[in-house]
Structure formats: C-alpha cells, structure tokens
$ cat run01.cif   # mmCIF, C-alpha atoms
data_input
loop_
_atom_site.group_PDB
_atom_site.id
_atom_site.type_symbol
_atom_site.label_atom_id
_atom_site.label_comp_id
_atom_site.auth_asym_id
_atom_site.auth_seq_id
_atom_site.Cartn_x
_atom_site.Cartn_y
_atom_site.Cartn_z
ATOM 1 C CA MET A 1 121.512 149.367 -74.516
ATOM 2 C CA ASP A 2 121.202 145.599 -74.102
ATOM 3 C CA ALA A 3 123.030 143.204 -76.323
ATOM 4 C CA LYS A 4 120.949 141.411 -78.896
ATOM 5 C CA PRO A 5 121.292 137.665 -79.543
ATOM 6 C CA SER A 6 123.459 138.255 -82.633
ATOM 7 C CA ASP A 7 125.922 140.259 -80.502
ATOM 8 C CA CYS A 8 126.405 137.504 -77.937
ATOM 9 C CA GLY A 9 128.607 134.445 -77.782
ATOM 10 C CA THR A 10 126.832 131.473 -76.240
ATOM 11 C CA LEU A 11 123.165 131.114 -77.121
ATOM 12 C CA GLY A 12 120.523 128.721 -75.877
ATOM 13 C CA LYS A 13 117.818 127.598 -78.291
ATOM 14 C CA GLY A 14 114.324 126.322 -77.652
ATOM 15 C CA ARG A 15 111.274 125.553 -79.775
ATOM 16 C CA ALA A 16 107.716 124.392 -79.194
ATOM 17 C CA ALA A 17 104.701 123.728 -81.425
ATOM 18 C CA ALA A 18 101.161 125.050 -81.468
ATOM 19 C CA LYS A 19 98.365 122.678 -80.506
ATOM 20 C CA LEU A 20 94.795 121.752 -81.386
ATOM 21 C CA ILE A 21 92.223 119.959 -79.287
ATOM 22 C CA LEU A 22 90.311 117.475 -81.394
ATOM 23 C CA LEU A 23 87.803 116.597 -78.671
ATOM 24 C CA GLY A 24 87.452 117.012 -74.922
ATOM 25 C CA GLU A 25 88.210 120.680 -74.213
ATOM 26 C CA HIS A 26 86.737 121.914 -70.925
ATOM 27 C CA VAL A 27 85.364 118.519 -69.900
ATOM 28 C CA VAL A 28 88.974 117.361 -69.418
ATOM 29 C CA LEU A 29 89.008 119.570 -66.312
ATOM 30 C CA TYR A 30 86.324 117.291 -64.870
ATOM 31 C CA GLY A 31 88.160 114.000 -65.307
ATOM 32 C CA ARG A 32 87.037 113.222 -68.848
ATOM 33 C CA PRO A 33 89.567 112.451 -71.597
ATOM 34 C CA ALA A 34 90.718 114.752 -74.393
ATOM 35 C CA ILE A 35 92.422 114.157 -77.726
ATOM 36 C CA SER A 36 94.905 116.779 -78.901
ATOM 37 C CA LEU A 37 97.449 117.248 -81.687
ATOM 38 C CA PRO A 38 100.689 119.226 -81.876
ATOM 39 C CA VAL A 39 100.880 121.546 -84.885
ATOM 40 C CA PRO A 40 104.576 121.605 -85.795
ATOM 41 C CA GLN A 41 104.158 123.846 -88.829
ATOM 42 C CA ILE A 42 103.525 126.819 -86.564
ATOM 43 C CA GLY A 43 105.388 127.356 -83.355
ATOM 44 C CA VAL A 44 107.552 129.456 -81.056
ATOM 45 C CA ARG A 45 111.316 129.865 -81.133
ATOM 46 C CA ALA A 46 113.221 131.267 -78.162
ATOM 47 C CA THR A 47 116.851 132.317 -77.852
ATOM 48 C CA ALA A 48 118.417 132.745 -74.403
ATOM 49 C CA TYR A 49 121.616 134.722 -73.932
ATOM 50 C CA ARG A 50 123.571 136.653 -71.354
ATOM 51 C CA SER A 51 122.943 140.368 -71.676
ATOM 52 C CA ARG A 52 125.490 143.076 -70.907
ATOM 53 C CA GLY A 53 122.798 145.383 -69.539
ATOM 54 C CA THR A 54 119.620 145.011 -67.566
ATOM 55 C CA ALA A 55 118.024 141.827 -68.852
ATOM 56 C CA ALA A 56 115.476 142.645 -71.506
ATOM 57 C CA ARG A 57 113.164 140.098 -73.000
ATOM 58 C CA LEU A 58 112.027 140.502 -76.570
ATOM 59 C CA GLY A 59 108.430 139.351 -76.829
ATOM 60 C CA ASP A 60 108.131 139.839 -73.061
ATOM 61 C CA THR A 61 104.938 138.558 -71.424
ATOM 62 C CA ALA A 62 103.898 137.481 -67.944
ATOM 63 C CA VAL A 63 104.106 133.885 -69.173
ATOM 64 C CA SER A 64 107.674 134.236 -70.486
ATOM 65 C CA ARG A 65 108.750 135.939 -67.234
ATOM 66 C CA GLN A 66 107.200 133.153 -65.164
ATOM 67 C CA ALA A 67 108.784 130.507 -67.385
ATOM 68 C CA MET A 68 112.218 132.091 -67.021
ATOM 69 C CA ALA A 69 111.830 132.381 -63.250
ATOM 70 C CA ALA A 70 110.655 128.770 -62.962
ATOM 71 C CA VAL A 71 113.473 127.240 -64.995
ATOM 72 C CA CYS A 72 116.163 129.381 -63.344
ATOM 73 C CA ALA A 73 114.904 128.334 -59.900
ATOM 74 C CA HIS A 74 114.893 124.683 -60.972
ATOM 75 C CA LEU A 75 118.410 124.882 -62.401
ATOM 76 C CA GLY A 76 119.722 126.961 -59.522
ATOM 77 C CA VAL A 77 121.054 129.679 -61.830
ATOM 78 C CA PRO A 78 120.631 133.460 -61.579
ATOM 79 C CA GLU A 79 118.147 135.433 -63.641
ATOM 80 C CA ASP A 80 120.322 138.556 -63.487
ATOM 81 C CA GLY A 81 121.947 139.290 -66.830
ATOM 82 C CA LEU A 82 119.813 136.724 -68.606
ATOM 83 C CA ALA A 83 117.641 137.673 -71.561
ATOM 84 C CA VAL A 84 115.359 135.752 -73.888
ATOM 85 C CA ALA A 85 114.188 136.691 -77.371
ATOM 86 C CA VAL A 86 110.874 135.103 -78.369
ATOM 87 C CA ASP A 87 109.664 134.746 -81.952
ATOM 88 C CA SER A 88 106.200 133.232 -82.334
ATOM 89 C CA ASP A 89 104.069 132.287 -85.340
ATOM 90 C CA ILE A 90 101.148 131.322 -83.088
ATOM 91 C CA PRO A 91 98.356 133.883 -82.812
ATOM 92 C CA SER A 92 97.513 134.483 -79.176
ATOM 93 C CA GLU A 93 94.076 133.908 -77.646
ATOM 94 C CA ARG A 94 92.959 131.561 -80.435
ATOM 95 C CA GLY A 95 92.996 128.241 -78.572
ATOM 96 C CA LEU A 96 96.251 127.195 -80.247
ATOM 97 C CA GLY A 97 98.343 126.865 -77.095
ATOM 98 C CA SER A 98 100.300 130.087 -77.512
ATOM 99 C CA SER A 99 101.071 130.579 -73.813
ATOM 100 C CA ALA A 100 102.157 126.955 -73.268
ATOM 101 C CA ALA A 101 104.348 127.031 -76.372
ATOM 102 C CA VAL A 102 106.026 130.285 -75.287
ATOM 103 C CA ALA A 103 106.699 128.821 -71.854
ATOM 104 C CA ALA A 104 108.056 125.589 -73.331
ATOM 105 C CA ALA A 105 110.380 127.375 -75.755
ATOM 106 C CA VAL A 106 111.698 129.775 -73.092
ATOM 107 C CA ILE A 107 112.328 126.962 -70.606
ATOM 108 C CA ALA A 108 114.118 124.861 -73.232
ATOM 109 C CA ALA A 109 116.247 127.814 -74.346
ATOM 110 C CA VAL A 110 117.402 128.689 -70.832
ATOM 111 C CA ALA A 111 118.213 125.051 -70.063
ATOM 112 C CA ASP A 112 120.150 124.826 -73.348
ATOM 113 C CA LEU A 113 122.093 127.986 -72.514
ATOM 114 C CA TRP A 114 123.315 126.328 -69.330
ATOM 115 C CA ASP A 115 123.864 123.027 -71.171
ATOM 116 C CA ARG A 116 121.350 121.270 -68.941
ATOM 117 C CA LYS A 117 118.950 118.526 -69.993
ATOM 118 C CA LEU A 118 115.404 118.478 -68.657
ATOM 119 C CA SER A 119 113.336 115.314 -68.483
ATOM 120 C CA GLY A 120 109.924 115.344 -70.135
ATOM 121 C CA GLU A 121 108.208 115.329 -66.759
ATOM 122 C CA THR A 122 110.298 118.237 -65.472
ATOM 123 C CA LEU A 123 109.611 120.249 -68.617
ATOM 124 C CA PHE A 124 105.890 119.533 -68.274
ATOM 125 C CA ALA A 125 105.855 120.634 -64.625
ATOM 126 C CA LEU A 126 107.671 123.886 -65.384
ATOM 127 C CA ILE A 127 105.322 124.691 -68.283
ATOM 128 C CA GLN A 128 102.356 124.016 -66.001
ATOM 129 C CA GLU A 129 103.583 126.662 -63.552
ATOM 130 C CA SER A 130 103.352 129.239 -66.332
ATOM 131 C CA GLU A 131 100.037 127.842 -67.644
ATOM 132 C CA THR A 132 98.460 128.179 -64.200
ATOM 133 C CA LEU A 133 99.460 131.834 -64.228
ATOM 134 C CA ALA A 134 97.935 132.320 -67.685
ATOM 135 C CA HIS A 135 94.705 130.352 -67.309
ATOM 136 C CA GLY A 136 94.126 129.615 -63.654
ATOM 137 C CA ASN A 137 93.077 125.961 -63.560
ATOM 138 C CA ALA A 138 95.220 124.466 -66.357
ATOM 139 C CA SER A 139 94.337 120.905 -67.403
ATOM 140 C CA GLY A 140 97.813 120.049 -68.659
ATOM 141 C CA VAL A 141 96.640 119.284 -72.201
ATOM 142 C CA ASP A 142 98.466 122.254 -73.675
ATOM 143 C CA ALA A 143 101.666 121.618 -71.731
ATOM 144 C CA ARG A 144 101.783 117.995 -72.882
ATOM 145 C CA THR A 145 100.836 118.709 -76.486
ATOM 146 C CA VAL A 146 103.198 121.576 -77.363
ATOM 147 C CA ILE A 147 106.154 119.298 -76.588
ATOM 148 C CA GLY A 148 104.592 116.257 -78.302
ATOM 149 C CA ALA A 149 106.392 114.379 -81.048
ATOM 150 C CA GLY A 150 103.474 114.525 -83.496
ATOM 151 C CA GLY A 151 100.154 112.852 -84.079
ATOM 152 C CA PRO A 152 97.077 112.626 -81.840
ATOM 153 C CA LEU A 153 97.541 112.321 -78.083
ATOM 154 C CA TRP A 154 95.135 110.827 -75.564
ATOM 155 C CA PHE A 155 95.113 112.898 -72.375
ATOM 156 C CA GLN A 156 93.435 112.120 -69.063
ATOM 157 C CA ASP A 157 94.243 112.992 -65.455
ATOM 158 C CA GLY A 158 97.570 114.562 -66.373
ATOM 159 C CA VAL A 159 98.855 111.580 -68.374
ATOM 160 C CA ALA A 160 99.297 111.594 -72.164
ATOM 161 C CA ARG A 161 99.925 108.772 -74.624
ATOM 162 C CA SER A 162 100.080 108.547 -78.398
ATOM 163 C CA LEU A 163 97.018 107.263 -80.225
ATOM 164 C CA PRO A 164 97.242 104.901 -83.196
ATOM 165 C CA VAL A 165 95.810 106.291 -86.430
ATOM 166 C CA ALA A 166 94.812 104.111 -89.392
ATOM 167 C CA ASP A 167 96.745 104.488 -92.641
ATOM 168 C CA SER A 168 93.483 105.379 -94.371
ATOM 169 C CA ALA A 169 93.357 108.582 -92.327
ATOM 170 C CA ASP A 170 96.186 109.939 -94.494
ATOM 171 C CA ARG A 171 93.535 111.337 -96.818
ATOM 172 C CA ALA A 172 91.966 113.452 -94.046
ATOM 173 C CA VAL A 173 93.057 116.837 -92.790
ATOM 174 C CA LEU A 174 91.787 119.340 -90.283
ATOM 175 C CA VAL A 175 91.134 122.745 -91.812
ATOM 176 C CA VAL A 176 91.649 125.290 -89.043
ATOM 177 C CA ALA A 177 89.624 128.486 -89.459
ATOM 178 C CA ASP A 178 90.440 131.541 -87.350
ATOM 179 C CA THR A 179 87.357 133.551 -86.383
ATOM 180 C CA GLY A 180 89.527 136.608 -85.804
ATOM 181 C CA ILE A 181 88.044 136.900 -82.327
ATOM 182 C CA ALA A 182 90.292 136.631 -79.281
ATOM 183 C CA GLY A 183 88.986 134.163 -76.735
ATOM 184 C CA SER A 184 89.869 134.073 -73.028
ATOM 185 C CA THR A 185 90.477 130.571 -71.712
ATOM 186 C CA ARG A 186 90.200 131.815 -68.135
ATOM 187 C CA GLN A 187 86.798 133.369 -68.872
ATOM 188 C CA ALA A 188 85.644 130.285 -70.786
ATOM 189 C CA VAL A 189 86.621 127.962 -67.926
ATOM 190 C CA ALA A 190 84.645 130.134 -65.514
ATOM 191 C CA THR A 191 81.669 130.144 -67.907
ATOM 192 C CA VAL A 192 81.598 126.348 -68.086
ATOM 193 C CA ARG A 193 81.918 126.035 -64.316
ATOM 194 C CA GLY A 194 78.951 128.345 -63.835
ATOM 195 C CA ARG A 195 76.872 126.623 -66.509
ATOM 196 C CA LEU A 196 77.496 123.180 -65.004
ATOM 197 C CA ARG A 197 76.428 124.491 -61.625
ATOM 198 C CA GLU A 198 73.202 125.840 -63.149
ATOM 199 C CA LEU A 199 72.483 122.641 -65.094
ATOM 200 C CA GLY A 200 73.015 120.266 -62.177
ATOM 201 C CA ALA A 201 72.254 116.665 -63.193
ATOM 202 C CA VAL A 202 71.889 117.685 -66.847
ATOM 203 C CA GLY A 203 75.406 119.120 -66.744
ATOM 204 C CA ALA A 204 76.741 115.871 -65.323
ATOM 205 C CA GLU A 205 75.086 114.015 -68.206
ATOM 206 C CA LEU A 206 76.701 116.373 -70.731
ATOM 207 C CA LEU A 207 80.114 115.633 -69.233
ATOM 208 C CA GLU A 208 79.423 111.915 -69.554
ATOM 209 C CA GLN A 209 78.300 112.299 -73.162
ATOM 210 C CA ALA A 210 81.396 114.307 -74.060
ATOM 211 C CA GLY A 211 83.657 111.710 -72.462
ATOM 212 C CA ASN A 212 81.960 108.907 -74.379
ATOM 213 C CA LEU A 213 82.322 110.803 -77.657
ATOM 214 C CA THR A 214 86.052 111.186 -77.057
ATOM 215 C CA LEU A 215 86.364 107.509 -76.168
ATOM 216 C CA GLY A 216 84.618 106.550 -79.406
ATOM 217 C CA ALA A 217 86.734 108.975 -81.404
ATOM 218 C CA ALA A 218 89.924 107.218 -80.296
ATOM 219 C CA GLU A 219 88.552 104.011 -81.800
ATOM 220 C CA ASP A 220 87.477 105.899 -84.941
ATOM 221 C CA LEU A 221 91.064 107.106 -85.386
ATOM 222 C CA ARG A 222 92.450 103.599 -84.938
ATOM 223 C CA LEU A 223 90.075 102.133 -87.509
ATOM 224 C CA GLY A 224 90.087 105.091 -89.928
ATOM 225 C CA ARG A 225 86.346 105.715 -89.495
ATOM 226 C CA LEU A 226 86.398 109.287 -90.704
ATOM 227 C CA ALA A 227 82.639 109.804 -91.058
ATOM 228 C CA GLU A 228 82.085 108.613 -87.490
ATOM 229 C CA LEU A 229 84.885 110.849 -86.223
ATOM 230 C CA GLY A 230 83.310 113.830 -87.981
ATOM 231 C CA ARG A 231 79.955 113.092 -86.373
ATOM 232 C CA ALA A 232 81.619 112.902 -82.946
ATOM 233 C CA MET A 233 83.172 116.331 -83.511
ATOM 234 C CA THR A 234 79.843 117.887 -84.448
ATOM 235 C CA ALA A 235 78.097 116.236 -81.479
ATOM 236 C CA THR A 236 80.814 117.594 -79.177
ATOM 237 C CA GLN A 237 80.235 121.058 -80.594
ATOM 238 C CA ARG A 238 76.562 120.815 -79.595
ATOM 239 C CA ILE A 239 77.661 120.054 -76.031
ATOM 240 C CA LEU A 240 80.079 122.999 -76.030
ATOM 241 C CA VAL A 241 77.232 125.256 -77.186
ATOM 242 C CA ARG A 242 75.159 124.107 -74.209
ATOM 243 C CA LEU A 243 78.129 124.761 -71.931
ATOM 244 C CA GLY A 244 78.185 128.388 -73.114
ATOM 245 C CA VAL A 245 81.546 128.628 -74.867
ATOM 246 C CA SER A 246 80.498 128.977 -78.497
ATOM 247 C CA CYS A 247 79.689 132.327 -80.100
ATOM 248 C CA PRO A 248 77.981 133.512 -83.325
ATOM 249 C CA ALA A 249 81.220 133.592 -85.338
ATOM 250 C CA VAL A 250 82.035 130.015 -84.332
ATOM 251 C CA ASP A 251 78.457 128.897 -84.999
ATOM 252 C CA ASP A 252 78.568 130.392 -88.499
ATOM 253 C CA LEU A 253 81.768 128.554 -89.416
ATOM 254 C CA VAL A 254 80.571 125.237 -87.976
ATOM 255 C CA ALA A 255 77.341 125.571 -89.943
ATOM 256 C CA ALA A 256 79.179 126.430 -93.187
ATOM 257 C CA ALA A 257 81.731 123.611 -93.056
ATOM 258 C CA PRO A 258 79.486 120.782 -94.373
ATOM 259 C CA ALA A 259 78.767 122.768 -97.544
ATOM 260 C CA GLY A 260 82.490 122.516 -98.257
ATOM 261 C CA GLY A 261 82.525 118.759 -97.790
ATOM 262 C CA ALA A 262 83.513 118.693 -94.115
ATOM 263 C CA LEU A 263 82.642 115.523 -92.221
ATOM 264 C CA GLY A 264 82.329 117.420 -88.960
ATOM 265 C CA ALA A 265 83.333 120.685 -87.314
ATOM 266 C CA LYS A 266 83.670 122.224 -83.874
ATOM 267 C CA LEU A 267 85.501 124.885 -81.945
ATOM 268 C CA SER A 268 88.945 123.954 -80.668
ATOM 269 C CA GLY A 269 90.317 125.204 -77.374
ATOM 270 C CA GLY A 270 88.689 127.535 -74.896
ATOM 271 C CA GLY A 271 86.078 128.979 -77.218
ATOM 272 C CA LEU A 272 84.298 132.346 -76.952
ATOM 273 C CA GLY A 273 86.081 133.056 -80.234
ATOM 274 C CA GLY A 274 89.312 131.457 -81.358
ATOM 275 C CA CYS A 275 89.378 128.749 -84.015
ATOM 276 C CA VAL A 276 87.083 126.186 -85.604
ATOM 277 C CA ILE A 277 88.427 122.864 -86.884
ATOM 278 C CA ALA A 278 86.750 120.983 -89.726
ATOM 279 C CA LEU A 279 87.569 117.381 -90.632
ATOM 280 C CA THR A 280 87.643 116.894 -94.391
ATOM 281 C CA THR A 281 89.037 114.903 -97.312
ATOM 282 C CA ASP A 282 88.553 117.900 -99.628
ATOM 283 C CA ALA A 283 90.623 120.664 -98.069
ATOM 284 C CA PRO A 284 90.291 123.245 -100.898
ATOM 285 C CA ALA A 285 86.485 123.068 -100.884
ATOM 286 C CA THR A 286 86.271 123.173 -97.095
ATOM 287 C CA ARG A 287 88.695 126.081 -96.893
ATOM 288 C CA ALA A 288 86.667 128.012 -99.494
ATOM 289 C CA ALA A 289 83.425 127.433 -97.591
ATOM 290 C CA LEU A 290 84.956 128.604 -94.321
ATOM 291 C CA LEU A 291 86.507 131.715 -95.852
ATOM 292 C CA ALA A 292 83.187 132.563 -97.514
ATOM 293 C CA ALA A 293 81.502 132.245 -94.106
ATOM 294 C CA GLY A 294 83.810 134.816 -92.546
ATOM 295 C CA ALA A 295 86.983 133.016 -91.464
ATOM 296 C CA HIS A 296 89.894 135.456 -91.307
ATOM 297 C CA ARG A 297 92.393 132.824 -92.402
ATOM 298 C CA CYS A 298 92.683 129.050 -92.669
ATOM 299 C CA PHE A 299 95.471 126.503 -92.515
ATOM 300 C CA GLU A 300 95.613 122.721 -92.678
ATOM 301 C CA VAL A 301 96.837 120.123 -90.199
ATOM 302 C CA PRO A 302 97.216 116.437 -91.172
ATOM 303 C CA LEU A 303 95.161 114.135 -88.995
ATOM 304 C CA ARG A 304 98.017 111.657 -89.163
ATOM 305 C CA PRO A 305 101.621 112.740 -88.523
ATOM 306 C CA VAL A 306 103.633 113.407 -91.669
ATOM 307 C CA ARG A 307 106.276 110.738 -92.180
ATOM 308 C CA ALA A 308 109.847 111.917 -92.548
#

$ encode --input "run01.cif" --output "structure tokens"
Amino acid sequence: MDAKPSDCGTLGKGRAAAKLILLGEHVVLYGRPAISLPVPQIGVRATAYRSRGTAARLGDTAVSRQAMAAVCAHLGVPEDGLAVAVDSDIPSERGLGSSAAVAAAVIAAVADLWDRKLSGETLFALIQESETLAHGNASGVDARTVIGAGGPLWFQDGVARSLPVADSADRAVLVVADTGIAGSTRQAVATVRGRLRELGAVGAELLEQAGNLTLGAAEDLRLGRLAELGRAMTATQRILVRLGVSCPAVDDLVAAAPAGGALGAKLSGGGLGGCVIALTTDAPATRAALLAAGAHRCFEVPLRPVRA
C-alpha cells in the first residue's frame, strides 16, 4: 500500500484558484480580448510526496498526470516514486477553470517538493500543455487567471495584464449561479467554430461586436460604470446565444436575474451548461431570484479584489 502524505517526510505544496470569464469567452480564440477574474475563495490544493510503493495519485485525472509529466520533464527529475494528492473545491465542467487549476496546483507542488522555483511564464507554459490535452485549442485565459493575484485581468493574444477598477465598484459583486449541468469546453469550441463557418460575414461581425463590448467593459470597470458594464454582459450573452453555446437552463437564469436587481447577466466559460454570472449591487435579492429560477447553488465574487 502506498504511503499517504501524512506518512511522508518532505512534502511539496501547491495551490491555484478557480476563475470566471467576465467577457470574451470563445471570441478570445479568434484574436479578440477577454476579461477574466481569479476566484480565490474556491480553489485546488495539491500535495506532492515521494511514495514507498507504485506512485498513486489521489484525485487522479488525465490533466494531473499530464501536469506531473510536464513539470518532471522540465525539472529533469524522475516521476517514479512520486505521488500527488489533489483536493479541489472547484466543480468540474462548470466553466470555472477546474482543469487549469488542477494542473497549476500539481505543477507548483512538484516544483516545491524539489525546492525549485518556476517563473510565471514557465508555469503558464506548463499549465498550457495540460490545458491543450483537456480542451484541445486552449486560449490561455484559464492558465493565466488561475495563477493571477486577484482582480480583473485583460487577456489578448496570450498576454495578460491587470485592469484598474474604480473604488465605486466595491459595492458590486458577481453572483455565480451553477446550472447543475456539466458543459464540455471542447464541444463548445467546436460548436462555435462550426457556427462561425455557417454564418460567414455575419459571424465575423459578431466577433467584432464581442471584441468591442469587451473593450468598452474595460473602460466601464476603470470608471465604475456598473450599469454600462451590466448592459455589455447582457449584450455579450446575446452573441453567445447566436454562437450556439447557451442552453435552456442558462437562458432561464439570465432571464431571471434582472428581477433580482441584476444589472446584467451571461454565461461564463465554455457554455452548454456550466455557470451564469450576474452583476449586482443587491446580492441577496439576485441570489434569491436565481435560486428560484432553478440554480443549483450560488456564490458571490467581488468585482474588485478584496483588500488585505
């Protein structure tokens, strides 16, 4: 029987956060920008240790195996006798970056076990190897966001930077509503690709519209224009519907959110299920409206990073 982490001497620790996409999912694969946020209140913890038996991985997935292989190859250390225990609070297949967070935590834990420091760019590249396995054509948004320091990130063409957020945005939160339906990012990406091919010039115009909405939203965040930001989210949702990645459960929650005081709502992530995010200054009322409309559970994410 393999040793468990508590039975071992040296341990390596790693952690990564969940993520949300505020605007720009899917279209980011076509050169348009996206805005994302790390969600530090839910995440993944990984513990790497040397096992006395055949290496077993608790919480074993194809992503965690790929992450371990990638970081061991980079560090030039053997996989034999190495085990990783993974403990995740992030529901899988909900557009919350579960696979990227698992990869990030595993990679960080193995590097920590060997007392090696990875640069941000190296960590990103290693996470991307695992993300490509999980999703096929991975934009890099998830890999950048799950290791972000907090607050909204602007992402385009593989590069991320922090976005300024007005102090007045402290009164706004995103209520995240889980539809309870697992979504497949790989399937959603293929759906959008096919829909854009069918739409031709109209599809190109939708990409342009989505990019412009994200560009405007960055300015809305800087100036604290919450109503305008909410309208941009709802307009983006209409584009995502036309691109084929919404579903009845998502539509129901988006439609119900304004009755609870939401300023705007949309799916977040791949779609075809997953989660809806609603921007609001009245979280209890918005949460109640979303739960009444069929959300399986809700949680809240500050639009602006919480100050220590």

$ closest_residue --input "run01.cif" --among "A:Leu303, A:Thr10, A:Met68, A:Leu29" --to "A:Asp167" --atoms "only C-alpha atoms"
A:Leu303

$ residues_around --input "run01.cif" --residues "stretch 290-295 of chain A" --least-positions-apart "4" --cutoff "7 Å" --atoms "only C-alpha atoms" --output "list in words"
Ala177, Asp178, Thr179, Asp252, Leu253, Ala256, Ala257 and Thr286 of chain A

$ axis_aligned_box --input "run01.cif" --around "stretch 84-102 of chain A" --padding-each-side "4 Å" --output "JSON"
{"center_x": 104.2, "center_y": 131.8, "center_z": -79.3, "size_x": 30.4, "size_y": 17.8, "size_z": 20.1}

$ closest_residue --input "run01.cif" --among "A:Ile42, A:Leu123, A:Leu196, A:Met233" --to "A:Thr214" --atoms "only C-alpha atoms"
A:Met233

$ resolve_selection --input "run01.cif" --expression "the PyMOL selection byres ((chain A and resi 275) around 7)" --output "ChimeraX atom specification"
/A:94-95,176-179,267-268,273-274,276-277

$ resolve_selection --input "run01.cif" --expression "the PyMOL selection byres ((chain A and resi 93) around 12)" --output "ChimeraX atom specification"
/A:18,90-92,94-100,134-135,178-188,268-275

$ resolve_selection --input "run01.cif" --expression "the PyMOL selection byres ((chain A and resi 212) around 12)" --output "short mmCIF file (atom, residue, chain, number, x, y, z; two decimals) with C-alpha atoms, in the frame of the given file"
data_model
loop_
_atom_site.label_atom_id
_atom_site.label_comp_id
_atom_site.auth_asym_id
_atom_site.auth_seq_id
_atom_site.Cartn_x
_atom_site.Cartn_y
_atom_site.Cartn_z
CA LEU A 23 87.80 116.60 -78.67
CA GLY A 24 87.45 117.01 -74.92
CA VAL A 27 85.36 118.52 -69.90
CA ARG A 32 87.04 113.22 -68.85
CA PRO A 33 89.57 112.45 -71.60
CA ALA A 34 90.72 114.75 -74.39
CA GLU A 205 75.09 114.02 -68.21
CA LEU A 206 76.70 116.37 -70.73
CA LEU A 207 80.11 115.63 -69.23
CA GLU A 208 79.42 111.92 -69.55
CA GLN A 209 78.30 112.30 -73.16
CA ALA A 210 81.40 114.31 -74.06
CA GLY A 211 83.66 111.71 -72.46
CA LEU A 213 82.32 110.80 -77.66
CA THR A 214 86.05 111.19 -77.06
CA LEU A 215 86.36 107.51 -76.17
CA GLY A 216 84.62 106.55 -79.41
CA ALA A 217 86.73 108.98 -81.40
CA ALA A 218 89.92 107.22 -80.30
CA GLU A 219 88.55 104.01 -81.80
CA ALA A 232 81.62 112.90 -82.95
CA MET A 233 83.17 116.33 -83.51
CA ALA A 235 78.10 116.24 -81.48
CA THR A 236 80.81 117.59 -79.18
#

$ atom_distance --input "run01.cif" --atom1 "atom CA of A:Lys266" --atom2 "atom CA of A:Ala278"
6.7 Å

$ decode --input "run01.cif" --residues "stretch 89-109 of chain A" --atoms "N, CA and C atoms" --output "PDB file, in the first residue's frame"
ATOM      1  N   ASP A  89     -11.996  22.233  -4.492  1.00  0.00           N
ATOM      2  CA  ASP A  89     -13.326  22.758  -4.193  1.00  0.00           C
ATOM      3  C   ASP A  89     -14.065  23.160  -5.470  1.00  0.00           C
ATOM      4  N   ILE A  90     -13.389  23.090  -6.614  1.00  0.00           N
ATOM      5  CA  ILE A  90     -13.947  23.612  -7.856  1.00  0.00           C
ATOM      6  C   ILE A  90     -14.748  22.517  -8.562  1.00  0.00           C
ATOM      7  N   PRO A  91     -16.033  22.734  -8.781  1.00  0.00           N
ATOM      8  CA  PRO A  91     -16.785  21.728  -9.536  1.00  0.00           C
ATOM      9  C   PRO A  91     -16.268  21.655 -10.970  1.00  0.00           C
ATOM     10  N   SER A  92     -16.128  20.445 -11.463  1.00  0.00           N
ATOM     11  CA  SER A  92     -15.603  20.281 -12.823  1.00  0.00           C
ATOM     12  C   SER A  92     -16.694  20.543 -13.849  1.00  0.00           C
ATOM     13  N   GLU A  93     -16.266  20.895 -15.053  1.00  0.00           N
ATOM     14  CA  GLU A  93     -17.150  21.090 -16.205  1.00  0.00           C
ATOM     15  C   GLU A  93     -18.220  22.147 -15.947  1.00  0.00           C
ATOM     16  N   ARG A  94     -17.821  23.225 -15.243  1.00  0.00           N
ATOM     17  CA  ARG A  94     -18.739  24.330 -14.975  1.00  0.00           C
ATOM     18  C   ARG A  94     -18.197  25.658 -15.486  1.00  0.00           C
ATOM     19  N   GLY A  95     -17.103  25.641 -16.254  1.00  0.00           N
ATOM     20  CA  GLY A  95     -16.530  26.875 -16.747  1.00  0.00           C
ATOM     21  C   GLY A  95     -15.749  27.646 -15.709  1.00  0.00           C
ATOM     22  N   LEU A  96     -15.340  26.996 -14.635  1.00  0.00           N
ATOM     23  CA  LEU A  96     -14.643  27.658 -13.534  1.00  0.00           C
ATOM     24  C   LEU A  96     -13.142  27.381 -13.526  1.00  0.00           C
ATOM     25  N   GLY A  97     -12.635  26.807 -14.607  1.00  0.00           N
ATOM     26  CA  GLY A  97     -11.192  26.605 -14.720  1.00  0.00           C
ATOM     27  C   GLY A  97     -10.652  25.448 -13.917  1.00  0.00           C
ATOM     28  N   SER A  98     -11.479  24.426 -13.690  1.00  0.00           N
ATOM     29  CA  SER A  98     -11.056  23.311 -12.846  1.00  0.00           C
ATOM     30  C   SER A  98      -9.794  22.637 -13.377  1.00  0.00           C
ATOM     31  N   SER A  99      -9.740  22.339 -14.657  1.00  0.00           N
ATOM     32  CA  SER A  99      -8.582  21.608 -15.190  1.00  0.00           C
ATOM     33  C   SER A  99      -7.309  22.447 -15.103  1.00  0.00           C
ATOM     34  N   ALA A 100      -7.394  23.744 -15.409  1.00  0.00           N
ATOM     35  CA  ALA A 100      -6.209  24.602 -15.318  1.00  0.00           C
ATOM     36  C   ALA A 100      -5.740  24.732 -13.882  1.00  0.00           C
ATOM     37  N   ALA A 101      -6.676  24.847 -12.942  1.00  0.00           N
ATOM     38  CA  ALA A 101      -6.309  24.980 -11.538  1.00  0.00           C
ATOM     39  C   ALA A 101      -5.656  23.705 -11.013  1.00  0.00           C
ATOM     40  N   VAL A 102      -6.184  22.542 -11.399  1.00  0.00           N
ATOM     41  CA  VAL A 102      -5.558  21.274 -11.000  1.00  0.00           C
ATOM     42  C   VAL A 102      -4.131  21.212 -11.535  1.00  0.00           C
ATOM     43  N   ALA A 103      -3.969  21.526 -12.819  1.00  0.00           N
ATOM     44  CA  ALA A 103      -2.633  21.495 -13.404  1.00  0.00           C
ATOM     45  C   ALA A 103      -1.693  22.448 -12.681  1.00  0.00           C
ATOM     46  N   ALA A 104      -2.161  23.662 -12.413  1.00  0.00           N
ATOM     47  CA  ALA A 104      -1.316  24.658 -11.751  1.00  0.00           C
ATOM     48  C   ALA A 104      -0.890  24.192 -10.361  1.00  0.00           C
ATOM     49  N   ALA A 105      -1.841  23.651  -9.598  1.00  0.00           N
ATOM     50  CA  ALA A 105      -1.526  23.214  -8.238  1.00  0.00           C
ATOM     51  C   ALA A 105      -0.558  22.034  -8.239  1.00  0.00           C
ATOM     52  N   VAL A 106      -0.769  21.081  -9.149  1.00  0.00           N
ATOM     53  CA  VAL A 106       0.127  19.919  -9.240  1.00  0.00           C
ATOM     54  C   VAL A 106       1.537  20.361  -9.618  1.00  0.00           C
ATOM     55  N   ILE A 107       1.640  21.213 -10.617  1.00  0.00           N
ATOM     56  CA  ILE A 107       2.956  21.684 -11.075  1.00  0.00           C
ATOM     57  C   ILE A 107       3.673  22.422  -9.941  1.00  0.00           C
ATOM     58  N   ALA A 108       2.955  23.292  -9.241  1.00  0.00           N
ATOM     59  CA  ALA A 108       3.570  24.038  -8.142  1.00  0.00           C
ATOM     60  C   ALA A 108       4.004  23.110  -7.017  1.00  0.00           C
ATOM     61  N   ALA A 109       3.196  22.082  -6.734  1.00  0.00           N
ATOM     62  CA  ALA A 109       3.541  21.162  -5.647  1.00  0.00           C
ATOM     63  C   ALA A 109       4.791  20.353  -5.967  1.00  0.00           C
TER      64      ALA A 109
END
